[in-house]
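Novice: First, the structure itself, so that you have it in front of you.
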Amino acid sequence: MTKLKSDFLNILTERGFIHQCSDIEALDGQAAAGKLVAYVGYDCTAPSLHVGSLISIMMLAWLQKTGGKPIVLMGGGTTRVGDPSGKDETRQLRTVEEIDANKDGMKQVFSRFLQFGSGKTDAIMVDNAEWLASLYYIDFLRDVGRHFSVNRMLTMDSAKMRLEREQELSFIEFNYMLLQAYDFVELARRHSCNLQMGGSDQWGNIVTGIDLGRRMGVKEQLLALTCPLLTTASGAKMGKTASGAVWLNEAQLSGYDYWQYWRNTEDADVARFLKLFTMLPMGEVAKLAALQGADINEAKKVLATEATALIHGRENADAAAETAKKTFEQGALAADLPTIEIDRTELDAGLGVLAAFVKAGLVATNSEARRQIQGGGLKVNDAGVTSDKAALSMKDATASGVIKLSLGKKKHVLLKPV
RNA sequence: GGAGAGGUGCCCGAGUGGUUAAAGGGGACGGACUGUAAAUCCGUUGGCUAUGCCUACGCUGGUUCGAAACCAGCCCUCUCCA
């Protein structure tokens, strides 16, 4: 490969974002000339984005930093159909109301990463429901459908997988590919968009869009760029924690928990994640990546704080780091751990430990609390709970007026009498 | 429409009249070891006012002292044929 001349591709390459590209030289040229307008499409299947989408958001952010124009495409229309890629079962169809609500939830994250507006490199957000919802079937078949070969569609991974496993692929899902391809053409026409980015599982859909553009007379060359699908070094899918997915919205996952997610990164992933999920200069990354053994924890803290700062703001990130430091390193009681208020009269009456832990949300049921006690997993004010008959009262409140409940070593909640 | 196979706990999957709150695995949680890591090892993995009670093997009835298991009807999935 010849030397890349654009900042955009140099950065993406050295930080490990690139999996596949349809025409790297053409892309490099467009980027260097400041003519890149790129989009990433997001399904509206959940009320918030999660870390799985983060890598493509970072690509959009770098694009803007290096002089390109990012387009965030909300899949308000395509989500009504459902993408079969990478799923071996038909997804449940979502209602239109649900999709709209999800869309609103997802929007807030993007403003953290991208500058929106009407300037040349300002990001814009569009919803493909705009053009998909009002399509006429016959017209669509004539204008778009005739460019698609069913023979070839059947050989694409998303369809092939279903066929090989003899699992149903409904006609509605089979159409997803056409719609996504058409999105690309529509964006090219409306916004001079010339690049689509996405996870490597989107490759098939993206190049189909390029092909369609050519057949439908889009003058400009359309390009594809995909990033690797992320797993942790030990092979697990990214973005799952104890309490579910790692959401990007504060409402779904607090800044503190988000910080903790990154703090618990496996050693082997630290360097890779620093490059992908922070904007630290490469020199800095190299320095941190060189740390060995227990010292690598310092790198994890930087990773956690930098990654958290990107979406929750620097202040929240520092606060999370501080809370963690107090809780884990000094064993002190940090005031801004998650706090649950509790009625003082309830405490005076003697609140059973089981009920207290359930109330705090650390366990789901009394039985689970009992089991955790048996396994030595519950602590009140850092002292192990030995009996399920124990009760809490005002006497258990510490100097700062709260009772600290812990599940295992990492999860803590403060009970605050009011 | 016809013929066959199947629907079991978070998931996969055994069980084909009683000792079954249901083997085994995965996942998850807790413990030990560590560095808030990974790997490894150990434990737990339906609920409750708890030596008992309630709910649970697609749904509804039935047979039986006793059913996830046997019978009937229904619903759903898959395969083959039309």
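Each chain in the structure tokens gets a letter, A, B, ..., in the order shown, and its residues are numbered from 1; ligands are numbered from 1 in order too.
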Give one line per residue of chain B that approaches chain A to at most 6 Å, naming the two atoms of the closest pair and their distance in Å to one decimal, counting only C-alpha atoms (C1' of nucleotides); sort by chain then ascending residue number and deliver it as a tab-separated table.
Specialist:
residue	atom	partner	partner_atom	distance
B:G30	C1'	A:Gly377	CA	5.4
B:G35	C1'	A:Ala294	CA	4.9
B:A37	C1'	A:Glu266	CA	4.8
Novice: Any idea what the distance is between atom CA of A:Leu225 and atom CA of A:Gly145?
Specialist: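 Atom CA of A:Leu225 sits 24.5 Å away from atom CA of A:Gly145.
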Novice: DSSP on the backbone: what in stretch 23-249 of chain A comes out alpha helix (DSSP H), as number ranges by chain?
Specialist: A: 24-32, 51-65, 96-113, 129-132, 137-143, 150-155, 157-164, 171-174, 176-191, 203-215
Novice: List as a PyMOL selection string the protein and nucleic acid residues near B:A72, meaning an atom at most 12 Å away when only C-alpha atoms (C1' of nucleotides) are counted, but skip any in the same chain fewer than 6 places from it.
Specialist: chain B and resi 60-63
Novice: Which residue gives the smallest distance to A:Leu187 among A:Asp28, A:Asp396, A:Asp127, A:Asp43, with only C-alpha atoms counted?
Specialist: A:Asp127
Novice: Please, what distance in Å, to one decimal, runs between atom C1' of B:A32 and atom CA of A:Gly384?
Specialist: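 Atom C1' of B:A32 sits 15.8 Å away from atom CA of A:Gly384.
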Novice: So that I can check the secondary structure, give me every residue of stretch 235-372 of chain A assigned strand (DSSP E or B) by backbone DSSP, as a ChimeraX atom specification.
Specialist: /A:237,240-241,244-245,247,339-342,351-352
Novice: I need the residue nearest A:Arg215 from this list: A:Thr386, A:Trp262, A:Asp143, A:His19. Use only C-alpha atoms for the distance.
Specialist: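 Among the listed residues, the smallest separation from A:Arg215 belongs to A:Asp143.
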Novice: For each of A:Gly204, A:Arg146, A:Val51, A:Phe184, take the minimum atom-to-atom distance to A:Gln221, counting only C-alpha atoms, then give the residue where this is smallest.
Specialist: A:Phe184
Novice: Compile the contact shell of stretch 4-9 of chain B as a ChimeraX atom specification: residues with an atom at most 9 Å away, counting only C-alpha atoms (C1' of nucleotides), same-chain residues fewer than 4 positions apart removed.
Specialist: /B:13,22,46,56-58,68,76-80
Novice: Kindly give the distance, in Å, that separates atom CA of A:Gly16 and atom CA of A:Asn194, rounded to a single decimal.
Specialist: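 Answer for the atom CA of A:Gly16 to atom CA of A:Asn194 separation: 22.0 Å.
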